[in-house]
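First up is the structure itself, then whatever we jot down about it.
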Amino acid sequence: RHSTSAVFPAQIQDCNQAIAYLYQYADQYALDKNKFVVMGFSAGAHLASLVGLAANQRVNEFYIGEVNPIKIKAVVDFYGPVHLLMFHANQTPVTPHDPITMLLGASPLLR
């Protein structure tokens, strides 16, 4: 789901559901369950990094249903945003419809 239709952590939940599907049907698709790697570009890289970093933490909110036992072996991040506040450096005031605010459900500048 895009940030315009659902706030975080919906996106990582979707990623984890897709990975769980591939893990469940690994034999059918000739995948090695011990070598799962995630990769993405830009926003996809941001999600791949979140999935990889959070995989070993078992954060229940990142999963729909039960937490899956999948270990991510590597993450390939092609220019994914990691410092979300930099997108607001020259933006005053922050608009409620910018991509980061829509993703998070609130401005990252609010404390």
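Residue names in the structure tokens use chain letters A, B, ... in the order shown, residue numbers from 1 in each chain, and ligand numbers from 1 in the order shown.
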
**Study point:** Within 8 Å of stretch 8-23 of chain A using only C-alpha atoms, minus same-chain residues under 4 positions, as a ChimeraX atom specification
**Key:** /A:1-3,29,31,33,47,50-51,61-64,68,70,103-105

Practice item. For A:Val38, work out the shell of residues within 10 Å, counting only C-alpha atoms and skipping chain neighbours fewer than 6 positions away, then give it as a PyMOL selection string. Key: chain A and resi 15+19+44-45+47-49+51-52+72-77

Practice item. Enumerate, as JSON, numbers by chain, the complete set of residues in stretch 22-64 of chain A that a backbone-based DSSP assignment places in strand (DSSP E or B). Key: {"A": [36, 37, 38, 39, 40, 41]}

**Study point:** Per-residue DSSP, stretch 26-68 of chain A, filtered to alpha helix (DSSP H), as a ChimeraX atom specification
**Key:** /A:43-54

Review point. In Å to one decimal, how far is atom CA of A:Val67 from atom CA of A:Gln28?
Key: 21.9 Å

Point to revise | Length of the atom CA of A:Lys71 to atom CA of A:Gln57 vector [Å] | key: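 So the answer is 10.3 Å.
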
Check your understanding: Could you work out how far atom CA of A:Ala30 lies from atom CA of A:Gly80, giving the answer in Å with one decimal?
Key ->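 Between atom CA of A:Gly80 and atom CA of A:Ala30 the gap is 28.9 Å.
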